[in-house]
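One file, query.txt, is given below (compact mmCIF, C-alpha atoms and all ligand atoms).
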# COMPACT_ATOMS: atom_id res chain seq x y z
CA MET A 1 16.59 0.91 -9.74
CA ASN A 2 16.39 -2.62 -11.19
CA PRO A 3 18.35 -2.43 -14.48
CA SER A 4 17.37 -5.98 -15.48
CA VAL A 5 13.62 -5.35 -15.87
CA LEU A 6 11.78 -3.47 -18.63
CA ILE A 7 8.06 -2.81 -18.86
CA VAL A 8 6.63 -2.62 -22.38
CA TYR A 9 2.95 -1.78 -22.61
CA TYR A 10 0.23 -0.48 -24.89
CA SER A 11 -2.74 1.47 -23.56
CA ARG A 12 -5.50 3.02 -25.67
CA SER A 13 -7.52 4.65 -22.93
CA GLY A 14 -5.15 4.79 -19.95
CA ASN A 15 -6.08 1.75 -17.82
CA THR A 16 -3.09 -0.41 -18.72
CA ARG A 17 -0.87 2.67 -18.36
CA LYS A 18 -2.06 3.07 -14.75
CA VAL A 19 -1.13 -0.53 -13.94
CA ALA A 20 2.22 -0.14 -15.76
CA ASP A 21 2.96 2.96 -13.69
CA MET A 22 2.13 1.16 -10.42
CA ILE A 23 4.38 -1.79 -11.30
CA ALA A 24 7.17 0.55 -12.48
CA HIS A 25 6.94 2.41 -9.19
CA LEU A 26 7.23 -0.84 -7.18
CA ILE A 27 10.07 -2.35 -9.22
CA ASP A 28 11.75 0.94 -10.16
CA CYS A 29 12.56 -0.08 -13.72
CA ASP A 30 12.61 1.23 -17.30
CA VAL A 31 9.32 1.65 -19.15
CA GLU A 32 8.58 1.64 -22.89
CA PRO A 33 5.08 2.59 -24.03
CA ILE A 34 4.20 1.18 -27.45
CA VAL A 35 3.18 3.93 -29.85
CA CYS A 36 0.69 2.88 -32.49
CA LYS A 37 1.03 4.77 -35.77
CA GLU A 38 -2.66 4.37 -36.60
CA ASN A 39 -5.34 6.57 -35.05
CA LEU A 40 -7.42 4.28 -32.82
CA SER A 41 -9.37 6.96 -30.95
CA GLY A 42 -13.11 7.51 -30.87
CA PHE A 43 -15.94 5.29 -32.02
CA TRP A 44 -14.35 4.27 -35.35
CA GLY A 45 -11.10 3.60 -33.51
CA PHE A 46 -12.98 1.21 -31.23
CA ILE A 47 -14.47 -0.58 -34.24
CA LYS A 48 -11.00 -0.85 -35.84
CA CYS A 49 -9.52 -2.28 -32.62
CA ALA A 50 -12.26 -4.91 -32.39
CA PHE A 51 -11.79 -5.83 -36.07
CA TYR A 52 -7.99 -6.08 -35.76
CA ALA A 53 -8.29 -8.18 -32.61
CA VAL A 54 -10.90 -10.58 -33.99
CA PHE A 55 -8.82 -11.23 -37.11
CA ASN A 56 -5.42 -11.32 -35.31
CA LYS A 57 -4.16 -8.38 -37.38
CA PHE A 58 -0.87 -6.55 -36.96
CA LEU A 59 -0.59 -2.76 -36.80
CA GLN A 60 2.15 -0.24 -37.52
CA ILE A 61 4.01 0.53 -34.29
CA SER A 62 7.00 2.81 -33.67
CA LYS A 63 10.45 1.35 -33.19
CA ILE A 64 11.28 0.35 -29.61
CA GLU A 65 13.73 2.77 -27.95
CA HIS A 66 15.18 0.42 -25.34
CA ASN A 67 17.56 -2.40 -26.22
CA LEU A 68 15.49 -5.48 -25.31
CA GLU A 69 18.52 -7.74 -25.15
CA LYS A 70 19.84 -5.75 -22.21
CA TYR A 71 17.02 -6.94 -19.92
CA LYS A 72 16.65 -10.25 -18.11
CA VAL A 73 12.86 -9.93 -17.82
CA VAL A 74 10.47 -7.97 -20.03
CA LEU A 75 6.99 -7.31 -18.65
CA ILE A 76 4.41 -6.99 -21.41
CA GLY A 77 1.21 -5.08 -20.63
CA THR A 78 -1.90 -5.00 -22.79
CA PRO A 79 -5.61 -4.27 -22.72
CA ILE A 80 -7.82 -7.22 -23.69
CA TRP A 81 -9.66 -6.76 -26.97
CA ALA A 82 -12.34 -9.25 -28.02
CA GLY A 83 -10.94 -11.81 -25.60
CA LYS A 84 -7.41 -11.44 -27.00
CA ILE A 85 -4.26 -9.37 -26.54
CA SER A 86 -4.39 -5.96 -28.25
CA SER A 87 -3.07 -5.74 -31.82
CA PRO A 88 -0.19 -3.34 -31.01
CA ILE A 89 1.10 -5.88 -28.47
CA ARG A 90 0.52 -8.75 -30.92
CA THR A 91 2.72 -6.79 -33.35
CA PHE A 92 5.37 -6.11 -30.69
CA ILE A 93 5.60 -9.81 -29.77
CA ASP A 94 5.72 -10.89 -33.40
CA ARG A 95 8.44 -8.38 -34.25
CA TYR A 96 10.65 -8.80 -31.21
CA LYS A 97 10.02 -12.39 -30.01
CA ASP A 98 13.61 -13.45 -30.74
CA LYS A 99 14.93 -10.74 -28.42
CA LEU A 100 12.71 -11.71 -25.48
CA THR A 101 14.26 -14.14 -23.07
CA ARG A 102 12.08 -14.10 -19.96
CA VAL A 103 8.65 -12.48 -20.02
CA ALA A 104 5.78 -11.70 -17.68
CA PHE A 105 2.33 -10.49 -18.74
CA PHE A 106 -0.14 -8.06 -17.30
CA ALA A 107 -3.46 -7.03 -18.72
CA THR A 108 -6.52 -4.95 -17.97
CA MET A 109 -10.01 -5.95 -19.07
CA GLY A 110 -13.63 -4.93 -18.60
CA ALA A 111 -14.83 -8.36 -17.47
CA GLU A 112 -13.61 -10.63 -14.69
CA PRO A 113 -9.96 -11.73 -15.09
CA ASN A 114 -9.28 -14.84 -17.17
CA LYS A 115 -5.69 -16.03 -17.48
CA GLY A 116 -6.51 -18.39 -20.38
CA ILE A 117 -6.15 -15.38 -22.68
CA PHE A 118 -2.37 -15.73 -22.53
CA ARG A 119 -2.25 -19.40 -23.50
CA LYS A 120 -1.97 -18.68 -27.22
CA ILE A 121 0.81 -16.13 -26.76
CA ASN A 122 2.77 -18.70 -24.79
CA ASN A 123 2.56 -20.96 -27.83
CA THR A 124 3.89 -18.14 -30.03
CA LEU A 125 6.74 -17.31 -27.67
CA ALA A 126 7.38 -20.94 -26.73
CA LYS A 127 8.23 -19.92 -23.19
CA GLU A 128 6.33 -19.92 -19.93
CA PRO A 129 5.82 -16.45 -18.45
CA VAL A 130 7.46 -15.77 -15.11
CA ALA A 131 4.17 -14.29 -13.85
CA ILE A 132 0.74 -13.16 -15.05
CA LEU A 133 -1.43 -10.38 -13.64
CA ILE A 134 -4.90 -9.49 -14.85
CA ILE A 135 -6.75 -6.50 -13.46
CA SER A 136 -10.40 -5.74 -14.14
CA VAL A 137 -11.62 -2.19 -14.69
CA LYS A 138 -13.69 -2.66 -11.51
CA GLU A 139 -10.55 -3.43 -9.47
CA LEU A 140 -8.79 -0.47 -11.03
CA LYS A 141 -11.59 1.83 -9.89
CA SER A 142 -11.92 0.40 -6.39
CA GLY A 143 -8.15 0.20 -5.83
CA ILE A 144 -5.95 -2.77 -6.69
CA ASP A 145 -5.12 -5.14 -3.85
CA LYS A 146 -1.44 -4.44 -3.08
CA LYS A 147 -0.87 -8.14 -2.31
CA LYS A 148 -1.88 -9.02 -5.87
CA LEU A 149 0.78 -6.65 -7.20
CA ILE A 150 3.41 -7.97 -4.79
CA ASP A 151 2.58 -11.60 -5.73
CA PHE A 152 3.12 -10.59 -9.36
CA ILE A 153 6.40 -8.76 -8.95
CA THR A 154 8.10 -11.15 -6.48
CA PRO A 155 8.94 -13.90 -9.05
CA ILE A 156 9.97 -11.16 -11.49
CA GLN A 157 12.41 -9.65 -9.02
CA ASP A 158 13.73 -13.15 -8.25
CA SER A 159 14.31 -14.10 -11.86
CA SER A 160 15.89 -10.75 -12.69
CA ASN A 161 18.64 -11.61 -10.17
CA ILE A 162 19.53 -14.96 -11.76
C1 LIG A 201 -12.00 -2.97 -29.05
C2 LIG A 201 -12.14 -3.35 -27.60
C3 LIG A 201 -12.51 -4.64 -27.27
C4 LIG A 201 -12.62 -5.03 -25.92
N1 LIG A 201 -12.93 -6.33 -25.63
C5 LIG A 201 -12.95 -6.73 -24.34
C6 LIG A 201 -13.18 -8.10 -24.02
O1 LIG A 201 -13.32 -8.97 -24.88
N2 LIG A 201 -13.25 -8.45 -22.72
C7 LIG A 201 -13.09 -7.53 -21.72
O2 LIG A 201 -13.16 -7.91 -20.56
N3 LIG A 201 -12.86 -6.21 -21.99
C8 LIG A 201 -12.77 -5.79 -23.28
N4 LIG A 201 -12.52 -4.48 -23.57
C9 LIG A 201 -12.30 -3.54 -22.47
C10 LIG A 201 -10.82 -3.26 -22.25
O3 LIG A 201 -10.07 -4.45 -22.14
C11 LIG A 201 -10.59 -2.45 -20.96
O4 LIG A 201 -11.36 -1.28 -20.97
C12 LIG A 201 -9.12 -2.13 -20.78
O5 LIG A 201 -8.89 -1.78 -19.44
C13 LIG A 201 -8.68 -0.96 -21.67
O6 LIG A 201 -7.32 -0.70 -21.43
P1 LIG A 201 -6.61 0.65 -21.87
O7 LIG A 201 -7.34 1.78 -21.16
O8 LIG A 201 -5.22 0.50 -21.38
O9 LIG A 201 -6.70 0.79 -23.35
C14 LIG A 201 -12.40 -4.07 -24.89
C15 LIG A 201 -12.04 -2.76 -25.24
C16 LIG A 201 -11.89 -2.40 -26.57
C17 LIG A 201 -11.44 -1.00 -26.94
Any chance you could give the structure as structure tokens?
Amino acid sequence: MNPSVLIVYYSRSGNTRKVADMIAHLIDCDVEPIVCKENLSGFWGFIKCAFYAVFNKFLQISKIEHNLEKYKVVLIGTPIWAGKISSPIRTFIDRYKDKLTRVAFFATMGAEPNKGIFRKINNTLAKEPVAILIISVKELKSGIDKKKLIDFITPIQDSSNI
């Protein structure tokens, strides 16, 4: 068990949860799923998500159960909505940014991976992520390359020992 790493993620339809579970299994660390208080399921849920993402809106999320200050590295996982991070994760970062020391990002998306998506969050957090991992839905279906996961978690493990 690595007590210095926490995974925080939001997943609307299960893809990001799958990646979070794989990473949690490899690192053996605590996990905190973000619970969104608004119903985002179904067709109208999809429309709401797209609207919130396009206009950089915040959403009501439940209080985090883990003490973020206890962790050396927090991994933040999100689906990509309209080319951006999902609104529940936008809300999480906005609310808790002062408690985040070192971060790493992972995301799932329908299209081919594009790391530029995280540039704007870096500006908000004013810190470089330790690592970034982006998985396409295609990769998720065909089986994620284990090396890609290892390349992602290695710098995280290293910086959680500092
Ligand atoms: C509202 C909405 C907007 C999306 N926009 C994009 C997008 O701009 N680019 C992309 O590659 N995938 C997009 N997707 C696909 C999701 O990123 C992809 O299905 C992701 O794996 C979903 O993760 P989840 O199952 O954890 O919710 C969008 C999905 C939703 C619901």
Near-Lys48 in chain A list (12 Å; all atoms listed in the file; drop same-chain fewer than 5 positions) as a list of chain:residue names: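 The filter keeps A:Glu38, A:Asn39, A:Leu40, A:Ser41, A:Gly42, A:Phe43, A:Ala53, A:Val54, A:Phe55, A:Asn56, A:Lys57, A:Phe58, A:Leu59, A:Trp81, A:Ala82, A:Ser86, A:Ser87.
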For ligand LIG 201 (chain A), the nearest of the candidates A:Ser136, A:Thr91, A:Thr124, A:Thr101, counting only C-alpha atoms and all ligand atoms: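 Ranking A:Ser136, A:Thr91, A:Thr124, A:Thr101 by distance to ligand LIG 201 (chain A), first place goes to A:Ser136.
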Atomic separation - CA of Asp28 in chain A relative to CA of Met109 in chain A, Å: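 Interatomic distance, CA of Met109 in chain A to CA of Asp28 in chain A: 24.5 Å.
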Taking all atoms listed in the file into account, which residues are within 9 Å of ligand LIG 201 (chain A), as a PDB file with C-alpha atoms, in the frame of the given file?
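What landed in pocket34.pdb:
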ATOM      1  CA  TYR A   9       2.950  -1.780 -22.610  1.00  0.00           C
ATOM      2  CA  TYR A  10       0.230  -0.480 -24.890  1.00  0.00           C
ATOM      3  CA  SER A  11      -2.740   1.470 -23.560  1.00  0.00           C
ATOM      4  CA  ARG A  12      -5.500   3.020 -25.670  1.00  0.00           C
ATOM      5  CA  SER A  13      -7.520   4.650 -22.930  1.00  0.00           C
ATOM      6  CA  GLY A  14      -5.150   4.790 -19.950  1.00  0.00           C
ATOM      7  CA  ASN A  15      -6.080   1.750 -17.820  1.00  0.00           C
ATOM      8  CA  THR A  16      -3.090  -0.410 -18.720  1.00  0.00           C
ATOM      9  CA  ARG A  17      -0.870   2.670 -18.360  1.00  0.00           C
ATOM     10  CA  LYS A  18      -2.060   3.070 -14.750  1.00  0.00           C
ATOM     11  CA  VAL A  19      -1.130  -0.530 -13.940  1.00  0.00           C
ATOM     12  CA  LEU A  40      -7.420   4.280 -32.820  1.00  0.00           C
ATOM     13  CA  GLY A  45     -11.100   3.600 -33.510  1.00  0.00           C
ATOM     14  CA  PHE A  46     -12.980   1.210 -31.230  1.00  0.00           C
ATOM     15  CA  ILE A  47     -14.470  -0.580 -34.240  1.00  0.00           C
ATOM     16  CA  LYS A  48     -11.000  -0.850 -35.840  1.00  0.00           C
ATOM     17  CA  CYS A  49      -9.520  -2.280 -32.620  1.00  0.00           C
ATOM     18  CA  ALA A  50     -12.260  -4.910 -32.390  1.00  0.00           C
ATOM     19  CA  PHE A  51     -11.790  -5.830 -36.070  1.00  0.00           C
ATOM     20  CA  TYR A  52      -7.990  -6.080 -35.760  1.00  0.00           C
ATOM     21  CA  ALA A  53      -8.290  -8.180 -32.610  1.00  0.00           C
ATOM     22  CA  GLY A  77       1.210  -5.080 -20.630  1.00  0.00           C
ATOM     23  CA  THR A  78      -1.900  -5.000 -22.790  1.00  0.00           C
ATOM     24  CA  PRO A  79      -5.610  -4.270 -22.720  1.00  0.00           C
ATOM     25  CA  ILE A  80      -7.820  -7.220 -23.690  1.00  0.00           C
ATOM     26  CA  TRP A  81      -9.660  -6.760 -26.970  1.00  0.00           C
ATOM     27  CA  ALA A  82     -12.340  -9.250 -28.020  1.00  0.00           C
ATOM     28  CA  GLY A  83     -10.940 -11.810 -25.600  1.00  0.00           C
ATOM     29  CA  LYS A  84      -7.410 -11.440 -27.000  1.00  0.00           C
ATOM     30  CA  ILE A  85      -4.260  -9.370 -26.540  1.00  0.00           C
ATOM     31  CA  SER A  86      -4.390  -5.960 -28.250  1.00  0.00           C
ATOM     32  CA  ALA A 107      -3.460  -7.030 -18.720  1.00  0.00           C
ATOM     33  CA  THR A 108      -6.520  -4.950 -17.970  1.00  0.00           C
ATOM     34  CA  MET A 109     -10.010  -5.950 -19.070  1.00  0.00           C
ATOM     35  CA  GLY A 110     -13.630  -4.930 -18.600  1.00  0.00           C
ATOM     36  CA  ALA A 111     -14.830  -8.360 -17.470  1.00  0.00           C
ATOM     37  CA  GLU A 112     -13.610 -10.630 -14.690  1.00  0.00           C
ATOM     38  CA  PRO A 113      -9.960 -11.730 -15.090  1.00  0.00           C
ATOM     39  CA  ASN A 114      -9.280 -14.840 -17.170  1.00  0.00           C
ATOM     40  CA  ILE A 135      -6.750  -6.500 -13.460  1.00  0.00           C
ATOM     41  CA  SER A 136     -10.400  -5.740 -14.140  1.00  0.00           C
ATOM     42  CA  VAL A 137     -11.620  -2.190 -14.690  1.00  0.00           C
ATOM     43  CA  LEU A 140      -8.790  -0.470 -11.030  1.00  0.00           C
TER      44      LEU A 140
END
Contacts of range 143-152 of chain A at 7 Å (only C-alpha atoms; same-chain gap of 3+ positions) as a VMD selection string: chain A and resid 131 to 133 139 to 140 155
